[in-house]
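Here's the structure we're looking at; comments come further down.
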Amino acid sequence: MDMPSLTNPLRGLILPRNTRSKRISSWDESGANADYWRFEPGDVKTIAEIEGAGCINHIWMTSSSDEPAWPRRVLIRMYWDDQAEPSVEVPMGDFFGVGHGEIAQWESIALSMTHHPSGEPRSAFNCWLPMPFSSGARIEVANEGEEPRPLYFYVDYEEQDEPIPDHLYFHACWRRENPCEGWAEPNAMWAERKLNKVPNLSGEDNYLILEAEGRGHYVGCNLSIHNWDGHWWGEGDDMIFIDGDTWPPSLHGTGTEDYFSHAYGMQDVRGLYHGTSLYNREHTNWEGKWTVYRFHIADPISFQERIRVSIEHGHANHRSDDYSSTAYWYQTLPHRPFEPMPAVEARLPRDV
């Protein structure tokens, strides 16, 4: 059976689609040019509610604010079918690929962000990860900042007469450990003979990116690091435990830079499937704030019952940096309950 959408996404464009293209947006229904919704502090609004079967194919958003780290103060939640709990709950900036409440110019096959040439804290955010649903979808935005802000948005989707057979549901969640609990002193060098020989043969103390139950596949993450420990923050192995794994996991990596498809540190690149969306070009020894990403779109990691995606924070978890992450995956419903979203004060960078 030919499956053009799986073998070559461009080839799928030659086939007719038995769907109806639709959009929900913030356009000014009076015909004027105030094409945005205003969010006061504390506002929670449903920006899109769709009945029936369909698939969201693209989301575009933009906003602006002088409030420090404002992309961490706005939450995006998404609900599928009749589920009471969101399948997506992520701060706005992190969902679109950049952590720390920062804005940066970057693009990939799944997500992108622009940066205004003036350097002002405003940006256009895009997501092309498909989001199918069988009986309904709802997208909610919450302004948990202390200032009002505008939100301009598109939600582009297809109406379908019948749900896509056997489809999985898009999920995304955010986590943070501030700081990770490392065992070495600050400024410890991973290459020191004693430090480099400490083993990690369980993965129990790794930074947790995702823990999910059901059937599905993990399609990637972004990981944001604020280097408080000094020196190079990499060398942590990725460890992905699938279904009945004990030790070793089904997928065991060789270092943080290797999992994110770099080598010998992180490079200043933004590729289709991997890169550094926030690169500190002023660094001299890997200090400051970073966001790196890896998408398993060409190589999704499947699970039949459960998955645990983790990574060491430094070799054998010796470092105590600020780690945060967004995981993206598809799975059956219902999903394992998410950890409670931290209050806005606990999401902000330490230096705000």
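In the structure tokens, chains take the letters A, B, ... in the order shown, each chain's residues start at 1, and ligands count up from 1 in the order shown.
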For His318 of chain A, work out the shell of residues within 12 Å, counting only C-alpha atoms and skipping chain neighbours fewer than 3 positions away, then give it as a PyMOL selection string.
chain A and resi 179-191+194-200+205-207+229-230+232-237+312-315+321
Run DSSP on the backbone and grab whatever in segment 65-279 of chain A lands in strand (DSSP E or B); send it over as a VMD selection string.
chain A and resid 74 to 80 88 to 91 106 to 107 111 to 113 122 to 127 131 to 133 136 to 143 149 to 160 169 to 177 207 to 213 216 to 227 238 to 242 251 to 252 270 274 to 278
Excluding Glu49 of chain A and its own-chain neighbours fewer than 6 positions away, which residues fall within 12 Å of it when counting only C-alpha atoms? Please give them as a list in words.
Arg23, Ile24, Ser25, Ile56, Met78, Tyr79, Trp80, Asp81, Phe133, Ser135, Gly136, Ala137, Arg138, Ile139, Glu140, Val155 and Tyr157 of chain A
Based on the selection just made, write C-alpha atoms of those residues as a compact mmCIF listing (two decimals), in the first residue's frame.
# COMPACT_ATOMS: atom_id res chain seq x y z
CA ARG A 23 -9.56 28.99 10.23
CA ILE A 24 -10.29 30.51 13.62
CA SER A 25 -8.44 33.80 14.15
CA ILE A 56 -5.30 21.30 13.32
CA MET A 78 -5.21 22.12 24.48
CA TYR A 79 -8.03 19.65 25.05
CA TRP A 80 -9.12 16.83 22.73
CA ASP A 81 -12.55 15.20 22.46
CA PHE A 133 -9.26 14.93 17.06
CA SER A 135 -15.18 14.75 18.30
CA GLY A 136 -13.82 18.15 19.29
CA ALA A 137 -10.89 20.40 20.16
CA ARG A 138 -10.40 23.38 22.44
CA ILE A 139 -7.42 25.73 22.80
CA GLU A 140 -7.12 27.92 25.87
CA VAL A 155 -5.72 28.23 14.16
CA TYR A 157 -7.57 23.21 10.59
Would you pick out the contacts of segment 340-351 of chain A at 7 Å or less, using only C-alpha atoms, so that residues sharing its chain but fewer than 4 positions from it are not included, and give the list as a compact mmCIF listing (two decimals) with N, CA and C atoms, in the first residue's frame?
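Contents of the output file out.txt:
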# COMPACT_ATOMS: atom_id res chain seq x y z
N ALA A 69 10.51 38.41 30.74
CA ALA A 69 10.23 36.98 30.55
C ALA A 69 8.74 36.71 30.32
N ARG A 72 7.07 33.22 29.49
CA ARG A 72 6.88 32.23 30.55
C ARG A 72 5.63 32.51 31.38
N ARG A 73 5.06 33.70 31.23
CA ARG A 73 3.90 34.10 32.03
C ARG A 73 2.58 33.76 31.35
N HIS A 100 13.38 30.02 29.00
CA HIS A 100 13.85 31.14 29.84
C HIS A 100 13.01 32.41 29.67
N GLU A 144 -0.97 34.87 32.92
CA GLU A 144 -0.67 34.85 34.35
C GLU A 144 0.34 35.93 34.72
Could you pull the residues within 7 Å of Pro132 of chain A, counting only C-alpha atoms, minus those fewer than 6 positions along the same chain, as a list in words?
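After dropping sequence-adjacent residues, the list is Gly54, Cys55, Ile56 and Tyr169 of chain A.
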Take the selection from the previous step and output its residues with N, CA and C atoms, as a compact mmCIF listing (two decimals), in the first residue's frame.
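out-v3.txt was written with the following content:
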# COMPACT_ATOMS: atom_id res chain seq x y z
N GLY A 54 -11.63 16.38 13.01
CA GLY A 54 -10.78 17.28 12.24
C GLY A 54 -9.33 17.15 12.62
N CYS A 55 -8.53 18.09 12.11
CA CYS A 55 -7.10 18.09 12.40
C CYS A 55 -6.58 19.52 12.30
N ILE A 56 -5.98 20.00 13.36
CA ILE A 56 -5.30 21.30 13.32
C ILE A 56 -3.96 21.10 12.65
N TYR A 169 -3.23 11.15 19.58
CA TYR A 169 -3.49 12.53 19.96
C TYR A 169 -2.19 13.23 20.34
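Non-sequential neighbours of segment 215-224 of chain A (distance at most 6 Å, separation of 2 or more positions within a chain, only C-alpha atoms) are Gly99, Trp290, Thr291, Val292, Tyr293, Arg294, Phe295, His296, Ile297, Pro300, Ile301, Ser302, Phe303, Gln304, Glu305, Tyr323, Ser324, Ser325, Thr326, Ala327, Tyr328, Trp329, Tyr330, Gln331 and Thr332 of chain A.
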Test item: residues at most 9 Å from Asp238 of chain A, only C-alpha atoms, excluding those fewer than 4 positions along its chain, as an MDAnalysis selection string
chainID A and resid 206 251:256 258:259 309:312
Give the helix (DSSP H, G or I) residues of segment 79-223 of chain A, as DSSP finds them on the backbone, and put them as a ChimeraX atom specification.
/A:92-95,193-196
One number please: atom CA of Gly97 of chain A to atom CA of Lys289 of chain A, in Å, one decimal.
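Rounded to one decimal, the two atoms are 13.7 Å apart.
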Just the number, please: distance in Å from atom CA of Trp106 of chain A to atom CA of Gly275 of chain A, one decimal.
9.2 Å
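Nearest residue to Pro148 of chain A, choosing from A:Val74, A:Ile109, A:Ile47, A:Ala124 and counting only C-alpha atoms: A:Val74.
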Between atom CA of Thr62 of chain A and atom CA of Val88 of chain A, measure the distance and give it in Å to one decimal.
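Separating atom CA of Thr62 of chain A from atom CA of Val88 of chain A is a distance of 18.7 Å.
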